[in-house]
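data-v3.cif, holding mmCIF, C-alpha atoms:
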data_input
#
loop_
_atom_site.label_atom_id
_atom_site.label_comp_id
_atom_site.auth_asym_id
_atom_site.auth_seq_id
_atom_site.Cartn_x
_atom_site.Cartn_y
_atom_site.Cartn_z
CA MET A 1 -84.69 -87.40 -171.57
CA LYS A 2 -85.97 -88.87 -168.34
CA LEU A 3 -86.83 -92.35 -167.12
CA THR A 4 -89.55 -92.78 -164.50
CA PHE A 5 -89.99 -96.07 -162.68
CA LEU A 6 -93.75 -96.57 -162.44
CA GLY A 7 -92.95 -99.56 -160.28
CA THR A 8 -89.93 -101.34 -158.87
CA GLY A 9 -91.38 -104.48 -157.30
CA SER A 10 -91.15 -108.14 -158.25
CA ALA A 11 -93.96 -110.06 -159.91
CA PHE A 12 -95.57 -110.89 -156.57
CA ALA A 13 -94.75 -107.75 -154.62
CA LEU A 14 -97.65 -106.05 -152.86
CA ASN A 15 -95.71 -102.81 -152.52
CA ASN A 16 -94.01 -100.56 -155.08
CA TYR A 17 -96.00 -101.92 -158.07
CA GLN A 18 -94.46 -104.08 -160.78
CA SER A 19 -91.28 -103.09 -162.58
CA ASN A 20 -92.50 -101.04 -165.54
CA MET A 21 -91.02 -97.73 -166.72
CA LEU A 22 -91.89 -94.64 -168.71
CA LEU A 23 -89.16 -93.04 -170.82
CA GLU A 24 -89.85 -89.45 -171.91
CA ILE A 25 -88.07 -87.87 -174.88
CA ASP A 26 -89.07 -84.42 -176.12
CA GLY A 27 -92.43 -84.71 -174.36
CA LYS A 28 -93.27 -88.11 -175.90
CA LYS A 29 -93.51 -91.15 -173.65
CA LEU A 30 -92.44 -94.73 -174.31
CA LEU A 31 -93.90 -97.26 -171.89
CA ILE A 32 -91.43 -100.07 -171.21
CA ASP A 33 -93.52 -103.10 -170.26
CA ALA A 34 -97.09 -103.09 -168.99
CA GLY A 35 -97.73 -105.31 -165.99
CA GLY A 36 -101.11 -106.17 -164.50
CA ASP A 37 -101.12 -103.14 -162.18
CA ILE A 38 -100.20 -100.64 -164.92
CA ARG A 39 -103.35 -98.52 -164.55
CA HIS A 40 -102.66 -98.08 -160.85
CA SER A 41 -98.95 -97.36 -161.23
CA LEU A 42 -99.68 -94.78 -163.94
CA LYS A 43 -102.24 -93.12 -161.68
CA ALA A 44 -99.71 -93.02 -158.84
CA VAL A 45 -97.51 -90.68 -160.90
CA GLY A 46 -100.46 -88.61 -162.15
CA MET A 47 -100.80 -90.25 -165.57
CA SER A 48 -103.04 -92.62 -167.49
CA TYR A 49 -103.12 -94.55 -170.77
CA LYS A 50 -103.79 -91.20 -172.47
CA ASP A 51 -100.21 -90.11 -171.71
CA ILE A 52 -98.57 -93.05 -173.52
CA ASP A 53 -97.23 -92.55 -177.06
CA ALA A 54 -95.68 -95.98 -177.69
CA ILE A 55 -95.05 -99.31 -175.92
CA TYR A 56 -92.07 -101.67 -175.75
CA ILE A 57 -92.55 -105.23 -174.47
CA SER A 58 -89.53 -107.22 -173.26
CA HIS A 59 -91.15 -110.63 -172.61
CA LEU A 60 -94.47 -112.26 -171.79
CA HIS A 61 -94.62 -112.66 -168.01
CA ALA A 62 -97.72 -111.11 -166.45
CA ASP A 63 -95.79 -108.46 -164.52
CA HIS A 64 -94.62 -107.19 -167.93
CA VAL A 65 -97.69 -107.78 -170.14
CA GLY A 66 -100.63 -108.29 -167.78
CA GLY A 67 -101.88 -104.76 -168.42
CA MET A 68 -101.84 -104.97 -172.22
CA GLU A 69 -105.51 -105.95 -172.44
CA TYR A 70 -106.44 -102.88 -170.42
CA LEU A 71 -104.30 -100.59 -172.59
CA ALA A 72 -105.72 -102.13 -175.76
CA LEU A 73 -109.38 -101.78 -174.81
CA ALA A 74 -109.06 -98.40 -173.08
CA SER A 75 -107.38 -96.85 -176.11
CA TYR A 76 -109.62 -98.64 -178.64
CA PHE A 77 -112.81 -97.24 -177.16
CA ASP A 78 -111.35 -93.77 -176.69
CA PRO A 79 -112.07 -91.82 -179.92
CA ASN A 80 -109.20 -89.44 -179.16
CA ILE A 81 -106.55 -92.16 -179.14
CA ASN A 82 -104.99 -93.63 -182.28
CA ARG A 83 -103.40 -97.07 -182.36
CA LEU A 84 -100.22 -96.92 -180.30
CA PRO A 85 -96.95 -98.10 -181.85
CA LEU A 86 -95.92 -101.38 -180.24
CA TYR A 87 -92.30 -102.56 -180.41
CA ILE A 88 -91.78 -106.25 -179.70
CA ASN A 89 -89.46 -109.04 -180.81
CA GLU A 90 -90.92 -111.01 -183.72
CA ARG A 91 -90.76 -114.26 -181.70
CA LEU A 92 -93.12 -112.77 -179.14
CA SER A 93 -95.72 -110.84 -181.14
CA SER A 94 -97.96 -113.79 -182.09
CA GLN A 95 -97.59 -115.28 -178.62
CA LEU A 96 -98.60 -111.98 -177.02
CA TRP A 97 -101.92 -112.16 -178.82
CA ASN A 98 -102.64 -115.90 -178.83
CA GLU A 99 -101.34 -116.77 -175.36
CA VAL A 100 -101.91 -113.57 -173.39
CA MET A 101 -104.46 -111.15 -174.84
CA LYS A 102 -106.89 -113.00 -177.12
CA GLY A 103 -109.20 -114.29 -174.39
CA GLY A 104 -110.18 -110.79 -173.29
CA ALA A 105 -109.24 -108.42 -176.10
CA GLY A 106 -110.60 -110.79 -178.75
CA THR A 107 -114.22 -110.25 -177.75
CA LEU A 108 -115.20 -107.24 -179.85
CA GLN A 109 -118.80 -107.26 -181.06
CA ASN A 110 -119.10 -108.23 -184.76
CA LYS A 111 -115.34 -108.03 -185.30
CA ILE A 112 -112.52 -110.55 -185.51
CA ALA A 113 -109.77 -108.84 -183.57
CA ASN A 114 -106.03 -109.36 -183.54
CA LEU A 115 -103.01 -107.49 -182.21
CA ASP A 116 -103.08 -105.11 -185.17
CA THR A 117 -106.63 -104.12 -184.25
CA TYR A 118 -105.29 -102.32 -181.20
CA PHE A 119 -101.67 -101.49 -181.92
CA GLU A 120 -99.38 -100.44 -184.74
CA VAL A 121 -97.20 -103.53 -184.42
CA ASN A 122 -93.48 -103.24 -185.13
CA SER A 123 -92.04 -106.77 -184.98
CA LEU A 124 -88.31 -106.61 -184.35
CA PRO A 125 -85.98 -109.21 -185.89
CA LYS A 126 -83.01 -110.92 -184.27
CA ASN A 127 -80.59 -108.23 -183.08
CA GLY A 128 -83.35 -105.74 -183.92
CA LYS A 129 -83.38 -102.02 -183.26
CA PHE A 130 -86.09 -99.40 -183.24
CA ILE A 131 -86.17 -95.61 -183.18
CA PHE A 132 -88.38 -93.58 -180.87
CA GLU A 133 -88.25 -89.78 -181.05
CA GLY A 134 -84.88 -89.80 -182.77
CA THR A 135 -83.24 -92.18 -180.28
CA GLU A 136 -82.13 -95.63 -181.42
CA PHE A 137 -82.77 -98.56 -179.09
CA GLN A 138 -80.83 -101.81 -179.45
CA THR A 139 -82.62 -104.90 -178.17
CA VAL A 140 -80.45 -107.26 -176.12
CA GLN A 141 -81.43 -110.90 -175.66
CA VAL A 142 -80.71 -111.99 -172.09
CA VAL A 143 -81.27 -115.37 -170.44
CA HIS A 144 -84.39 -115.29 -168.28
CA TYR A 145 -85.05 -118.97 -167.60
CA VAL A 146 -84.80 -122.44 -169.13
CA ASP A 147 -88.04 -124.22 -170.06
CA GLY A 148 -87.00 -127.86 -170.03
CA TYR A 149 -84.14 -127.71 -172.52
CA GLU A 150 -85.06 -124.42 -174.19
CA ILE A 151 -83.72 -121.02 -173.15
CA VAL A 152 -86.52 -118.47 -172.82
CA PRO A 153 -85.14 -114.95 -173.19
CA SER A 154 -86.17 -111.49 -172.20
CA TYR A 155 -85.13 -108.57 -174.39
CA GLY A 156 -83.34 -105.77 -172.59
CA LEU A 157 -82.48 -102.41 -174.11
CA ILE A 158 -79.33 -100.39 -174.73
CA TRP A 159 -79.50 -96.79 -175.89
CA ASN A 160 -77.51 -93.57 -175.86
CA ALA A 161 -78.75 -90.39 -174.28
CA ARG A 162 -78.04 -87.27 -176.31
CA ASN A 163 -75.19 -86.38 -174.01
CA GLY A 164 -73.46 -89.59 -175.10
CA LYS A 165 -74.15 -91.61 -171.96
CA LYS A 166 -75.03 -95.24 -172.68
CA ILE A 167 -77.85 -96.86 -170.70
CA PHE A 168 -78.33 -100.61 -170.26
CA LEU A 169 -81.72 -101.81 -168.98
CA THR A 170 -81.73 -105.56 -168.33
CA THR A 171 -85.50 -106.13 -167.99
CA ASP A 172 -85.37 -109.68 -166.56
CA THR A 173 -82.18 -111.75 -166.56
CA GLN A 174 -80.43 -114.48 -164.66
CA HIS A 175 -76.98 -113.76 -163.27
CA CYS A 176 -74.94 -114.30 -166.46
CA PRO A 177 -71.90 -112.01 -166.10
CA ASN A 178 -69.83 -113.88 -168.71
CA GLN A 179 -72.54 -113.42 -171.33
CA ILE A 180 -73.37 -109.77 -170.68
CA TYR A 181 -70.17 -108.38 -169.16
CA SER A 182 -69.38 -106.42 -172.32
CA TYR A 183 -72.73 -104.63 -171.95
CA TYR A 184 -71.95 -103.85 -168.32
CA ASP A 185 -68.52 -102.56 -169.31
CA SER A 186 -69.72 -100.28 -172.12
CA ALA A 187 -72.63 -98.77 -170.20
CA ASP A 188 -72.47 -95.59 -168.16
CA ILE A 189 -75.67 -96.37 -166.26
CA ILE A 190 -77.10 -99.85 -165.62
CA PHE A 191 -80.62 -100.56 -164.41
CA HIS A 192 -80.62 -104.19 -163.25
CA ASP A 193 -83.38 -106.47 -161.98
CA CYS A 194 -82.46 -107.87 -158.58
CA GLU A 195 -84.00 -110.49 -156.31
CA THR A 196 -83.79 -109.83 -152.60
CA ALA A 197 -85.76 -112.80 -151.24
CA SER A 198 -84.06 -115.21 -148.87
CA PHE A 199 -84.31 -117.93 -151.54
CA LYS A 200 -83.09 -117.75 -155.13
CA SER A 201 -85.62 -118.42 -157.88
CA GLY A 202 -82.91 -118.84 -160.50
CA ILE A 203 -84.69 -116.61 -163.03
CA HIS A 204 -83.43 -113.25 -161.76
CA ALA A 205 -80.00 -112.15 -160.65
CA HIS A 206 -79.96 -112.28 -156.85
CA TYR A 207 -78.43 -109.51 -154.75
CA THR A 208 -75.80 -111.90 -153.36
CA GLU A 209 -74.73 -112.71 -156.94
CA LEU A 210 -74.60 -109.12 -158.15
CA TYR A 211 -72.60 -108.27 -155.03
CA THR A 212 -69.71 -110.34 -156.46
CA LEU A 213 -69.32 -108.08 -159.52
CA ASN A 214 -66.34 -105.74 -159.65
CA GLU A 215 -66.57 -102.35 -157.97
CA LYS A 216 -66.60 -100.37 -161.22
CA THR A 217 -69.63 -102.27 -162.52
CA LYS A 218 -71.51 -102.05 -159.23
CA SER A 219 -70.87 -98.31 -158.90
CA LYS A 220 -72.95 -97.57 -162.02
CA MET A 221 -75.72 -100.09 -161.27
CA TRP A 222 -79.20 -99.22 -159.99
CA LEU A 223 -81.26 -102.15 -158.69
CA TYR A 224 -84.99 -102.74 -159.14
CA HIS A 225 -87.51 -105.64 -159.37
CA TYR A 226 -87.02 -106.48 -155.70
CA GLN A 227 -89.26 -108.18 -153.14
CA ASP A 228 -91.24 -106.59 -150.32
CA GLY A 229 -89.45 -106.17 -147.01
CA PRO A 230 -86.13 -104.80 -145.81
CA LEU A 231 -83.49 -104.20 -148.46
CA PRO A 232 -79.73 -104.79 -148.24
CA PRO A 233 -77.46 -101.71 -147.90
CA ALA A 234 -76.86 -101.34 -151.63
CA ALA A 235 -75.05 -97.99 -151.51
CA ALA A 236 -72.76 -99.17 -148.73
CA ASP A 237 -72.04 -102.31 -150.78
CA GLY A 238 -70.87 -100.24 -153.74
CA PHE A 239 -74.00 -100.04 -155.90
CA SER A 240 -75.66 -96.81 -156.98
CA GLY A 241 -78.60 -97.97 -154.88
CA PHE A 242 -82.12 -99.36 -155.06
CA VAL A 243 -84.60 -97.50 -157.27
CA SER A 244 -87.68 -96.18 -155.44
CA GLN A 245 -91.18 -96.46 -156.89
CA GLY A 246 -91.90 -93.26 -158.80
CA GLN A 247 -88.24 -92.24 -158.96
CA THR A 248 -87.24 -90.29 -162.06
CA PHE A 249 -83.76 -90.26 -163.60
CA GLU A 250 -82.75 -87.27 -165.72
CA LEU A 251 -80.68 -89.19 -168.24
CA CYS A 252 -80.07 -86.04 -170.23
CA SER A 253 -80.93 -82.63 -168.79
CA LEU A 254 -82.32 -79.82 -170.92
CA GLU A 255 -78.96 -78.05 -170.72
CA GLU A 256 -77.13 -81.20 -171.86
CA ASP A 257 -79.72 -81.74 -174.58
CA VAL A 258 -79.20 -78.25 -175.98
CA LEU A 259 -75.40 -78.58 -175.78
CA ALA A 260 -75.50 -81.93 -177.60
CA ALA A 261 -77.71 -80.42 -180.31
CA PHE A 262 -75.29 -77.48 -180.67
CA GLU A 263 -72.33 -79.84 -180.98
CA ARG A 264 -74.11 -81.86 -183.67
CA LEU A 265 -74.92 -78.62 -185.54
CA SER A 266 -71.33 -77.40 -185.27
CA PHE A 267 -70.03 -80.70 -186.60
CA THR A 268 -72.44 -80.56 -189.53
CA VAL A 269 -71.42 -76.99 -190.40
CA MET A 270 -67.70 -77.86 -190.26
#

Spit out the file's structure as structure tokens when you get a sec.
Amino acid sequence: MKLTFLGTGSAFALNNYQSNMLLEIDGKKLLIDAGGDIRHSLKAVGMSYKDIDAIYISHLHADHVGGMEYLALASYFDPNINRLPLYINERLSSQLWNEVMKGGAGTLQNKIANLDTYFEVNSLPKNGKFIFEGTEFQTVQVVHYVDGYEIVPSYGLIWNARNGKKIFLTTDTQHCPNQIYSYYDSADIIFHDCETASFKSGIHAHYTELYTLNEKTKSKMWLYHYQDGPLPPAAADGFSGFVSQGQTFELCSLEEDVLAAFERLSFTVM
């Protein structure tokens, strides 16, 4: 199991592409979010839409869904590609089509298109989970921003690698340690979005805020979704560090994978 960061930049970054990831399990690849520069960030790691086996969408900002029209049309007109499974919270699926994709992807000749035209849609309920290649993913609602008086969430992910390590991927969240501390505490590895601009937007955790977390939490936290320009000394400040564009994390090595499978087999036999 390995996680490759196709990009690590913020929505408006000109470097490092937008913060989308590719999780590979047993040779199959789950794309986590698909920002507007997805075709370029895939190419940068030697891949294309043809290498994707499923998609997960966390929320509807352009740096996370701006490339969905491209993926839809490229795969639709490729006779060798079947509809890709799409995992998305049920609150977002209709909005993804009506508010994001319909204007471009809805223009098929002599056909009334919808999201199901392009993808095998799996709408996830409140507290929903999904399984990809034998691994269960728990969606985690986090606070992204407040629209007037309504909280607008993003849906992070928690999953276990086959070696037992628990991974928490925030996607996009404000600094809400009281709300998500238990997720921090239970995780072995945390991938956390992190603003590094001189001003705070209020919709992402800022580096100066994450810096105040306890040392144990920071030591297992990798930071991404940062702005262009110089970065703070994350490792010296107690974090695991900043993720680099194209960086791959071996969340479960082949040796660990085989050992975990052997242990499961031994338990079954006993």

- Task: Can you turn the PyMOL selection byres ((chain A and resi 164) around 10) into a concrete residue list for this file, as JSON, numbers by chain?
- Result: {"A": [159, 160, 161, 162, 163, 165, 166, 167, 188, 251, 252, 256, 260]}

- Mind giving me the straight-line distance from CA of His59 (chain A) to CA of Thr8 (chain A) in Å, one decimal? 16.6 Å

- Task: Just give me the gap between CA of Lys50 (chain A) and CA of Leu157 (chain A) in Å, one decimal is fine.
- Result: 24.1 Å

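Counting all atoms listed in the file, the residue from A:Gly66, A:Phe239, A:Pro79, A:His225 that sits nearest to Tyr17 (chain A) is A:His225.
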
- Contact residues around Ile158 (chain A) with only C-alpha atoms at 9 Å, ignoring same-chain residues under 2 positions, as a count of residues only: 14

- Residue neighbourhood region 82-87 of chain A, 7 Å, all atoms listed in the file, exclusion window fewer than 2 positions, as a ChimeraX atom specification: /A:53-57,80,118-124

- Task: Kindly extract all protein, DNA and RNA residues lying within 10 Å of the coordinates (-100.3, -97.2, -162.3) given in the file, considering only C-alpha atoms, and supply them as a PyMOL selection string.
- Result: chain A and resi 6-7+17-18+20+34-49+67+246

Because some atoms of region 109-121 of chain A are absent here, can you restore N, CA and C atoms and send them as a PDB file, in the frame of the given file?
ATOM      1  N   GLN A 109    -117.531-106.933-180.405  1.00  0.00           N
ATOM      2  CA  GLN A 109    -118.800-107.260-181.060  1.00  0.00           C
ATOM      3  C   GLN A 109    -118.673-107.138-182.586  1.00  0.00           C
ATOM      4  N   ASN A 110    -119.068-108.212-183.291  1.00  0.00           N
ATOM      5  CA  ASN A 110    -119.100-108.230-184.760  1.00  0.00           C
ATOM      6  C   ASN A 110    -117.754-107.929-185.415  1.00  0.00           C
ATOM      7  N   LYS A 111    -116.663-108.298-184.738  1.00  0.00           N
ATOM      8  CA  LYS A 111    -115.340-108.030-185.300  1.00  0.00           C
ATOM      9  C   LYS A 111    -114.373-109.135-184.886  1.00  0.00           C
ATOM     10  N   ILE A 112    -113.578-109.598-185.827  1.00  0.00           N
ATOM     11  CA  ILE A 112    -112.520-110.550-185.510  1.00  0.00           C
ATOM     12  C   ILE A 112    -111.261-109.755-185.236  1.00  0.00           C
ATOM     13  N   ALA A 113    -110.877-109.693-183.985  1.00  0.00           N
ATOM     14  CA  ALA A 113    -109.770-108.840-183.570  1.00  0.00           C
ATOM     15  C   ALA A 113    -108.439-109.590-183.594  1.00  0.00           C
ATOM     16  N   ASN A 114    -107.378-108.837-183.714  1.00  0.00           N
ATOM     17  CA  ASN A 114    -106.030-109.360-183.540  1.00  0.00           C
ATOM     18  C   ASN A 114    -105.163-108.248-182.964  1.00  0.00           C
ATOM     19  N   LEU A 115    -103.887-108.484-182.830  1.00  0.00           N
ATOM     20  CA  LEU A 115    -103.010-107.490-182.210  1.00  0.00           C
ATOM     21  C   LEU A 115    -102.991-106.191-182.997  1.00  0.00           C
ATOM     22  N   ASP A 116    -103.087-106.307-184.320  1.00  0.00           N
ATOM     23  CA  ASP A 116    -103.080-105.110-185.170  1.00  0.00           C
ATOM     24  C   ASP A 116    -104.345-104.282-185.026  1.00  0.00           C
ATOM     25  N   THR A 117    -105.408-104.882-184.494  1.00  0.00           N
ATOM     26  CA  THR A 117    -106.630-104.120-184.250  1.00  0.00           C
ATOM     27  C   THR A 117    -106.378-102.993-183.260  1.00  0.00           C
ATOM     28  N   TYR A 118    -105.504-103.255-182.303  1.00  0.00           N
ATOM     29  CA  TYR A 118    -105.290-102.320-181.200  1.00  0.00           C
ATOM     30  C   TYR A 118    -103.993-101.527-181.308  1.00  0.00           C
ATOM     31  N   PHE A 119    -102.977-102.116-181.937  1.00  0.00           N
ATOM     32  CA  PHE A 119    -101.670-101.490-181.920  1.00  0.00           C
ATOM     33  C   PHE A 119    -101.067-101.456-183.326  1.00  0.00           C
ATOM     34  N   GLU A 120    -100.192-100.500-183.533  1.00  0.00           N
ATOM     35  CA  GLU A 120     -99.380-100.440-184.740  1.00  0.00           C
ATOM     36  C   GLU A 120     -98.143-101.273-184.468  1.00  0.00           C
ATOM     37  N   VAL A 121     -98.195-102.549-184.859  1.00  0.00           N
ATOM     38  CA  VAL A 121     -97.200-103.530-184.420  1.00  0.00           C
ATOM     39  C   VAL A 121     -95.920-103.413-185.241  1.00  0.00           C
TER      40      VAL A 121
END
